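Encoded as structure tokens, the structure appears first; notes follow it.
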Amino acid sequence: MLVPLASSGAALFPVQSAKGFAARVVIELAALCWFALVLREPRFRPRACLISWAVLAYCAVALLAAAAGVDAYRSFWGNLARMNGVFALLHGALLFAIAHAVLRTRADWLRLFEVSLATSAVVAAYALHEALTIAASASTLPVRVRPLATLGHPDLLATYALFQVFFAGFVLAWERMRWMRLVAFTLLGVNVVVLAVAASRGAWVGLYVALACGAGALAVYARGMRRAAAAAALAALLVLPLAIRALHGTELLAAMPHIVQRLAGSSLADPSIRTRLRSVSISAAAWAERPVLGWGPEHYRVAFDRHYDPSAPELEQWFDHAHNKIADVAVETGLTGTIAYLALFATAGIGLARYVRRSTAPSDKAVGATALMLGIAYFVQNLFLFDTPVSQLLFFLLLAFAAFLAGRVAPTPRRAYAPAGWSAGRTVAVAGAGIAVVATLVWANALPYAAAVAGRRALAAQTPAEAVSAFRQALAHAGFTRAEITRAMEDEFIDSGRARSPQWTGLFDVLRSEVEAVLAREPTDVRAFLRAANLYNERSALDTRSLRDAERMSRAAIALSPSRPEAYYELGVTHLTARDYGRARELFERVAALHDGIAWVAWGRALALLGTGSREEGQAALDRALALGADWDTQPEVYVLTHAFVAAQPAAGLVPLYERVVAARPGVARYRVMLATAYASAGDPRQAREHARAAAALDPSYAADARRFIEALPAE
């Protein structure tokens with residue numbers, strides 16, 4: 001219950017990795033204690049029920065899908081950024097088994113929910129403090145910011161708060177102490193406020209559907225005033241979306257909370273919604289290729305890149321999840337896994353419905369109905385999101401609670417076990433289990449975490465020797481974190497400019513060897529190949545032989561995702577750097593055939609045409625690129641392509657490029673300076689003077705430099 005508070009700024013991916021490792025350690029230690037307890041008290045043995053069979057089936061299918069997928073190793077271990085994978089799923093199933101076996105009374109579950117609510121109070125305080133800070137500085141922020149609290153993302157914060165709202169409902173229904181009920185009611189309200197400031201539409205839609213289902217059930221099955229009240233509540237809920245939508249475009253909407261503004265503005269034109277719908281479409285195509293067991297857990301990104309839709313410019317981002325749990329499961333584990341996943345909800349729903357129908361106490365009926373509504377809310381909000389370590393553990397606890405409630409109505413016949421005496425055999429068994437748990441704690445948790453800490457230290461190193469030492473230390477015990485530590489180091493090496501520095505050659509040699517090894521072991525990540533191509537393109541400033549490696553990496557990325565425009569980007573940089581303008585032109589024309597509306601593609605084609613000496617055609621292509629919004633100040637691709645072209649061209653050859661840029665952006669002084677420099681190199685001092693004076697007039701800070709520049713020019 002304390003896992004949501006876990007964080008570690010010393011490690012890579014400090015939010016999710018800390019929570020994932022903390023959850024695994026706690027569950028593994030709890031499993032050892034449970035094993036010893038079962039040996040001493042047989043009544044705490046695992047209990048079979050419909051829900052537990054569904055959990056077992058889902059885990060079995062996940063293991064089969066991992067074995068049959070594109071990379072069983074990555075499917076099993078997951079990655080450091082998400083901390084999912086089959087290994088995490090098995091921990092969730094183990095948590096379910098422990099909770100179902102050990103938490104055997106209403107008081108047990110009440111204490112669990114109350115501890116969770118206490119933790120939520122800390123998370124809520126953090127979130128509300130963030131929200132107040134954001135509100136105080138809203139006028140200085142370029143975009144609307146939402147609080148993250150300890151969860152690392154507003155949507156994940158909302159999912160956590162959603163669970164706590166219903167947990168508070170359980171406490172209100174069952175708790176007898178008034179002060180505890182008052183605390184639960186207060187925290188219910190606080191978590192609703194957190195839901196509001198997190199402004200996650202998925203969570204609110206889930207809550208809305210759950211409340212509508214609850215009101216609808218009461219309107220059908222309740223009697224007297226309760227039925228009338230439920231019918232009125234249902235009518236109000238049905239009208240609510242229309243009322244919120246009616247606010248769109250009105251002045252009143254500006255005074256509403258951010259979540260109301262987001263809901264009111266929701267439509268098929270919303271980029272976020274369009275992206276999710278398009279990802280579902282891509283998911284359907286990916287599922288059709290591997291319909292039975294899918295691509296393997298944690299390999300949605302591979303399927304997404306393979307079936308990328310180039311006609312959708314809103315999809316110019318890298319998806320490792322569909323932002324739709326059903327689509328994720330369908331792509332990663334196929335139809336078999338989808339059925340097994342839906343069976344979790346179906347079996348829990350059947351058990352809870354029977355509990356509600358057969359219970360006689362109003363408080364019991366309320367708890368069962370609240371648990372049903374939480375399952376509905378979680379399922380609906382997951383149509384807009386994916387699981388994380390915290391949400392997955394809360395879900396398995398909900399399944400265990402549903403199994404507990406279902407068992408109270410229709411208990412499974414059990415033998416009466418007497419406490420077992422302790423023996424040497426039991427001591428040996430516990431000792432063996434302890435050794436296995438300690439080995440897992442060290443090998444699967446402590447060492448990878450230490451590697452993540454060393455990786456973070458390598459990123460912050462200021463000298464080549466420190467960086468190499470920390471990086472090698474990270475790799476020594478990296479385990480499943482090896483690929484991400486390498487890629488984080490790769491990004492830092494490129495972004496810091498060290499790839500172009502001779503002083504950092506030693507780190508480049510170590511990094512290059514590790515990059516090649518990671519890609520050989522995990523040859524399915526398009527983005528990883530493009531990152532490697534970027535590394536080699538940058539290194540070509542010191543060694544032109546690196547261009548061959550850059551081209552090799554780019555072509556591997558294209559083979560994995562032939563319809564993704566970004567897969568061709570680094571190859572375009574390679575061709576421009578090598579002055580291979582003919583092949584660059586062919587490349588950009590091929591990408592334009594995939595999608596003709598991408599600014600950097602048109603810009604790359606224009607540069608290639610200028611490089612071949614086709615001045616008029618090149619300038620027309622520049623006009624086309626500028627009309628599409630090409631801008632090297634705001635678009636990294638345009639900047640890098642231009643830098644590669646400029647570095648390979650004599651200054652005189654840059655005049656046509658700068659002329660068109662100045663014509664399109666006449667008010668930017670810096671562009672005038674570049675054109676003046678190009679004219680000077682081309683032997684045209686008159687034009688150089690004219691544009692230097694124009695730059696000084698646009699921006700007086702250039703005046704002194706412009707004067708010295710003009711004085712140094714030869715007489716006409």
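Labels used: A, B, ... for chains in the order of the structure tokens, numbers from 1 for residues in each chain, and numbers from 1 for ligands as shown.
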
His91 in chain A surroundings by only C-alpha atoms, 9 Å radius, close-in-sequence under 4 positions cut, as a PyMOL selection string: chain A and resi 23-24+27-28+86-87+95-96+393

Those residues you just picked out, can you put them in a file as a PDB file, in the first residue's frame with N, CA and C atoms?
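Written out: selection25.pdb:
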ATOM      1  N   ALA A  23       7.621  -2.820  -5.294  1.00  0.00           N
ATOM      2  CA  ALA A  23       6.513  -3.775  -5.281  1.00  0.00           C
ATOM      3  C   ALA A  23       7.022  -5.211  -5.346  1.00  0.00           C
ATOM      4  N   ARG A  24       7.999  -5.454  -6.191  1.00  0.00           N
ATOM      5  CA  ARG A  24       8.525  -6.815  -6.326  1.00  0.00           C
ATOM      6  C   ARG A  24       9.190  -7.288  -5.038  1.00  0.00           C
ATOM      7  N   ILE A  27       6.475  -8.033  -2.366  1.00  0.00           N
ATOM      8  CA  ILE A  27       5.712  -9.255  -2.669  1.00  0.00           C
ATOM      9  C   ILE A  27       6.570 -10.499  -2.463  1.00  0.00           C
ATOM     10  N   GLU A  28       7.837 -10.438  -2.861  1.00  0.00           N
ATOM     11  CA  GLU A  28       8.711 -11.600  -2.681  1.00  0.00           C
ATOM     12  C   GLU A  28       8.935 -11.910  -1.201  1.00  0.00           C
ATOM     13  N   VAL A  86       5.951 -10.131 -18.122  1.00  0.00           N
ATOM     14  CA  VAL A  86       5.383 -11.312 -17.471  1.00  0.00           C
ATOM     15  C   VAL A  86       5.872 -11.432 -16.030  1.00  0.00           C
ATOM     16  N   PHE A  87       7.117 -11.057 -15.780  1.00  0.00           N
ATOM     17  CA  PHE A  87       7.653 -11.133 -14.416  1.00  0.00           C
ATOM     18  C   PHE A  87       6.806 -10.283 -13.463  1.00  0.00           C
ATOM     19  N   LEU A  95       0.518 -11.719  -5.514  1.00  0.00           N
ATOM     20  CA  LEU A  95      -0.167 -10.842  -4.560  1.00  0.00           C
ATOM     21  C   LEU A  95      -1.624 -11.251  -4.404  1.00  0.00           C
ATOM     22  N   PHE A  96      -2.269 -11.560  -5.534  1.00  0.00           N
ATOM     23  CA  PHE A  96      -3.655 -12.037  -5.473  1.00  0.00           C
ATOM     24  C   PHE A  96      -3.762 -13.279  -4.600  1.00  0.00           C
ATOM     25  N   LEU A 393      -1.145  -3.700  -9.439  1.00  0.00           N
ATOM     26  CA  LEU A 393      -1.248  -4.279  -8.109  1.00  0.00           C
ATOM     27  C   LEU A 393      -2.608  -3.980  -7.480  1.00  0.00           C
TER      28      LEU A 393
END

Calculate how many Å separate CA of Thr150 in chain A from CA of Leu5 in chain A, rounding to one decimal. 5.9 Å

Test item: residues at most 10 Å from Arg104 in chain A, only C-alpha atoms, excluding those fewer than 3 positions along its chain, as an MDAnalysis selection string: chainID A and resid 44 99:101 107:109 401 404:405 407:408

Compile the contact shell of Val194 in chain A as a PDB file with N, CA and C atoms, in the first residue's frame: residues with an atom at most 9 Å away, counting only C-alpha atoms, same-chain residues fewer than 5 positions apart removed.
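Done, and the output landed in around_14.pdb:
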ATOM      1  N   ALA A 124      -2.288  12.790  -2.093  1.00  0.00           N
ATOM      2  CA  ALA A 124      -3.201  13.893  -2.370  1.00  0.00           C
ATOM      3  C   ALA A 124      -2.616  15.225  -1.920  1.00  0.00           C
ATOM      4  N   ALA A 127      -0.204  16.234  -4.485  1.00  0.00           N
ATOM      5  CA  ALA A 127      -0.876  16.635  -5.724  1.00  0.00           C
ATOM      6  C   ALA A 127      -1.529  18.002  -5.586  1.00  0.00           C
ATOM      7  N   LEU A 128      -2.188  18.250  -4.468  1.00  0.00           N
ATOM      8  CA  LEU A 128      -2.868  19.530  -4.276  1.00  0.00           C
ATOM      9  C   LEU A 128      -1.865  20.669  -4.113  1.00  0.00           C
ATOM     10  N   PRO A 147      -0.888  18.329 -12.256  1.00  0.00           N
ATOM     11  CA  PRO A 147      -0.011  17.767 -11.225  1.00  0.00           C
ATOM     12  C   PRO A 147       0.328  16.306 -11.486  1.00  0.00           C
ATOM     13  N   LEU A 157      -1.876   9.374 -11.825  1.00  0.00           N
ATOM     14  CA  LEU A 157      -2.380   9.921 -10.571  1.00  0.00           C
ATOM     15  C   LEU A 157      -3.889   9.764 -10.501  1.00  0.00           C
ATOM     16  N   ALA A 158      -4.573  10.024 -11.604  1.00  0.00           N
ATOM     17  CA  ALA A 158      -6.034   9.908 -11.630  1.00  0.00           C
ATOM     18  C   ALA A 158      -6.481   8.467 -11.429  1.00  0.00           C
ATOM     19  N   ALA A 161      -6.163   7.734  -7.736  1.00  0.00           N
ATOM     20  CA  ALA A 161      -7.224   8.403  -6.982  1.00  0.00           C
ATOM     21  C   ALA A 161      -8.574   7.724  -7.208  1.00  0.00           C
ATOM     22  N   GLY A 189     -13.698  12.664  -0.473  1.00  0.00           N
ATOM     23  CA  GLY A 189     -13.798  13.982  -1.100  1.00  0.00           C
ATOM     24  C   GLY A 189     -12.472  14.491  -1.602  1.00  0.00           C
ATOM     25  N   ALA A 199      -7.321  15.940 -13.967  1.00  0.00           N
ATOM     26  CA  ALA A 199      -8.003  16.241 -15.238  1.00  0.00           C
ATOM     27  C   ALA A 199      -7.792  15.169 -16.293  1.00  0.00           C
TER      28      ALA A 199
END

Applying 12 Å and only C-alpha atoms, which residues near Ala461 in chain A remain after dropping the ones on its own chain fewer than 2 positions away? List them as a list in words. Ala454, Gly455, Arg456, Arg457, Ala458, Leu459, Thr463, Pro464, Ala465, Glu466, Ala467, Val468, Ser469, Ala470, Phe471, Met489, Glu492, Phe493, Ser496, Arg498, Trp504 and Leu507 of chain A

May I have the residues within 12 Å of Gly20 in chain A as an NGL selection string, using only C-alpha atoms and disregarding those fewer than 2 positions away in the same chain? :A and (3-8 or 13-18 or 22-27 or 77-85 or 87-89 or 91-92 or 151 or 387-393 or 444-446 or 448-449)

Since we have the selection now, will you write its residues out, keeping C-alpha atoms, as a PDB file, in the first residue's frame?
ATOM      1  CA  VAL A   3       4.421   1.544  -3.063  1.00  0.00           C
ATOM      2  CA  PRO A   4       2.802   4.680  -4.616  1.00  0.00           C
ATOM      3  CA  LEU A   5       5.182   6.765  -2.478  1.00  0.00           C
ATOM      4  CA  ALA A   6       8.312   5.018  -3.773  1.00  0.00           C
ATOM      5  CA  SER A   7      10.688   7.157  -5.812  1.00  0.00           C
ATOM      6  CA  SER A   8      14.432   7.329  -6.365  1.00  0.00           C
ATOM      7  CA  PHE A  13      13.391   6.403 -14.631  1.00  0.00           C
ATOM      8  CA  PRO A  14      13.105   7.305 -10.933  1.00  0.00           C
ATOM      9  CA  VAL A  15       9.306   7.103 -10.616  1.00  0.00           C
ATOM     10  CA  GLN A  16       8.188   3.861 -12.269  1.00  0.00           C
ATOM     11  CA  SER A  17      11.400   1.892 -11.720  1.00  0.00           C
ATOM     12  CA  ALA A  18      11.372   2.632  -7.986  1.00  0.00           C
ATOM     13  CA  ALA A  22       9.635  -1.785  -4.389  1.00  0.00           C
ATOM     14  CA  ALA A  23       6.513  -3.775  -5.281  1.00  0.00           C
ATOM     15  CA  ARG A  24       8.525  -6.815  -6.326  1.00  0.00           C
ATOM     16  CA  VAL A  25      10.654  -6.795  -3.170  1.00  0.00           C
ATOM     17  CA  VAL A  26       7.619  -6.484  -0.877  1.00  0.00           C
ATOM     18  CA  ILE A  27       5.712  -9.255  -2.669  1.00  0.00           C
ATOM     19  CA  TRP A  77      11.378  -9.072 -17.929  1.00  0.00           C
ATOM     20  CA  GLY A  78       9.811  -5.966 -19.426  1.00  0.00           C
ATOM     21  CA  ASN A  79      11.850  -2.778 -19.282  1.00  0.00           C
ATOM     22  CA  LEU A  80      13.041  -0.221 -16.774  1.00  0.00           C
ATOM     23  CA  ALA A  81      10.756   2.563 -17.969  1.00  0.00           C
ATOM     24  CA  ARG A  82       7.471   0.642 -17.534  1.00  0.00           C
ATOM     25  CA  MET A  83       8.400  -2.211 -15.145  1.00  0.00           C
ATOM     26  CA  ASN A  84       5.764  -4.469 -16.697  1.00  0.00           C
ATOM     27  CA  GLY A  85       6.255  -7.778 -18.509  1.00  0.00           C
ATOM     28  CA  PHE A  87       7.653 -11.133 -14.416  1.00  0.00           C
ATOM     29  CA  ALA A  88       5.589  -8.220 -13.065  1.00  0.00           C
ATOM     30  CA  LEU A  89       2.347 -10.025 -13.972  1.00  0.00           C
ATOM     31  CA  HIS A  91       4.082 -10.841  -9.009  1.00  0.00           C
ATOM     32  CA  GLY A  92       0.569  -9.457  -9.350  1.00  0.00           C
ATOM     33  CA  LEU A 151       2.885   8.842  -9.683  1.00  0.00           C
ATOM     34  CA  ASP A 387      -1.276  -0.632 -16.703  1.00  0.00           C
ATOM     35  CA  THR A 388       1.599   0.506 -14.502  1.00  0.00           C
ATOM     36  CA  PRO A 389       3.084  -1.211 -11.418  1.00  0.00           C
ATOM     37  CA  VAL A 390       0.683   0.631  -9.079  1.00  0.00           C
ATOM     38  CA  SER A 391      -2.515   0.174 -11.080  1.00  0.00           C
ATOM     39  CA  GLN A 392      -1.752  -3.481 -11.793  1.00  0.00           C
ATOM     40  CA  LEU A 393      -1.248  -4.279  -8.109  1.00  0.00           C
ATOM     41  CA  ALA A 444      16.333  -9.610 -10.237  1.00  0.00           C
ATOM     42  CA  ASN A 445      16.047  -6.485  -8.082  1.00  0.00           C
ATOM     43  CA  ALA A 446      19.108  -5.247  -6.190  1.00  0.00           C
ATOM     44  CA  PRO A 448      19.436  -4.133 -11.763  1.00  0.00           C
ATOM     45  CA  TYR A 449      18.576  -1.259  -9.436  1.00  0.00           C
TER      46      TYR A 449
END

Excluding same-chain residues fewer than 6 positions from range 284-292 of chain A, what lies within 12 Å of it counting only C-alpha atoms, as a PDB file with C-alpha atoms, in the first residue's frame?
ATOM      1  CA  VAL A  61      -1.393 -17.472 -21.639  1.00  0.00           C
ATOM      2  CA  ALA A  62       1.046 -14.603 -21.010  1.00  0.00           C
ATOM      3  CA  LEU A  64       2.881 -18.880 -23.843  1.00  0.00           C
ATOM      4  CA  ALA A  65       2.622 -15.572 -25.705  1.00  0.00           C
ATOM      5  CA  ALA A  68       5.886 -17.531 -29.050  1.00  0.00           C
ATOM      6  CA  GLY A  69       6.524 -13.783 -29.434  1.00  0.00           C
ATOM      7  CA  VAL A  70       9.283 -11.815 -31.095  1.00  0.00           C
ATOM      8  CA  LEU A 277      -8.455   5.954 -32.500  1.00  0.00           C
ATOM      9  CA  ARG A 278      -5.715   5.630 -35.099  1.00  0.00           C
ATOM     10  CA  HIS A 299       6.063  -5.762 -27.811  1.00  0.00           C
ATOM     11  CA  TYR A 300       3.238  -3.522 -28.878  1.00  0.00           C
ATOM     12  CA  ARG A 301       5.842  -1.081 -30.218  1.00  0.00           C
ATOM     13  CA  VAL A 302       7.142  -3.684 -32.682  1.00  0.00           C
ATOM     14  CA  ALA A 303       3.666  -4.343 -34.072  1.00  0.00           C
ATOM     15  CA  PHE A 304       2.864  -0.615 -34.116  1.00  0.00           C
ATOM     16  CA  ASP A 305       5.976   0.251 -36.123  1.00  0.00           C
ATOM     17  CA  ARG A 306       5.410  -2.625 -38.529  1.00  0.00           C
ATOM     18  CA  HIS A 307       1.853  -1.452 -39.289  1.00  0.00           C
ATOM     19  CA  TYR A 308       2.381   2.292 -38.946  1.00  0.00           C
ATOM     20  CA  ASP A 309      -0.089   4.378 -40.959  1.00  0.00           C
ATOM     21  CA  ALA A 322      -1.854   1.580 -27.517  1.00  0.00           C
ATOM     22  CA  ILE A 326      -7.753  -4.175 -24.623  1.00  0.00           C
ATOM     23  CA  ALA A 327      -5.807  -3.247 -27.754  1.00  0.00           C
ATOM     24  CA  ASP A 328      -2.540  -3.844 -25.879  1.00  0.00           C
ATOM     25  CA  VAL A 329      -3.631  -7.291 -24.744  1.00  0.00           C
ATOM     26  CA  ALA A 330      -5.008  -8.226 -28.173  1.00  0.00           C
ATOM     27  CA  VAL A 331      -1.800  -7.250 -29.984  1.00  0.00           C
ATOM     28  CA  GLU A 332       0.584  -8.681 -27.406  1.00  0.00           C
ATOM     29  CA  THR A 333      -1.219 -11.948 -26.483  1.00  0.00           C
ATOM     30  CA  GLY A 334      -3.706 -12.430 -29.322  1.00  0.00           C
ATOM     31  CA  LEU A 335      -7.275 -13.616 -29.092  1.00  0.00           C
ATOM     32  CA  THR A 336      -6.296 -16.212 -26.488  1.00  0.00           C
ATOM     33  CA  GLY A 337      -4.913 -13.574 -24.149  1.00  0.00           C
ATOM     34  CA  THR A 338      -7.833 -11.222 -24.754  1.00  0.00           C
ATOM     35  CA  ILE A 339     -10.322 -13.910 -23.737  1.00  0.00           C
TER      36      ILE A 339
END

Of the listed residues A:Leu547, A:Pro656, A:Gly629, A:Val209, that which approaches Ser614 in chain A most closely, counting only C-alpha atoms: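 Closest to Ser614 in chain A of all the choices is A:Pro656.
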
DSSP helix (DSSP H, G or I) residues within range 30-113 of chain A, listed as a PyMOL selection string: chain A and resi 30-40+42-44+50-68+72-77+85-102+106-113
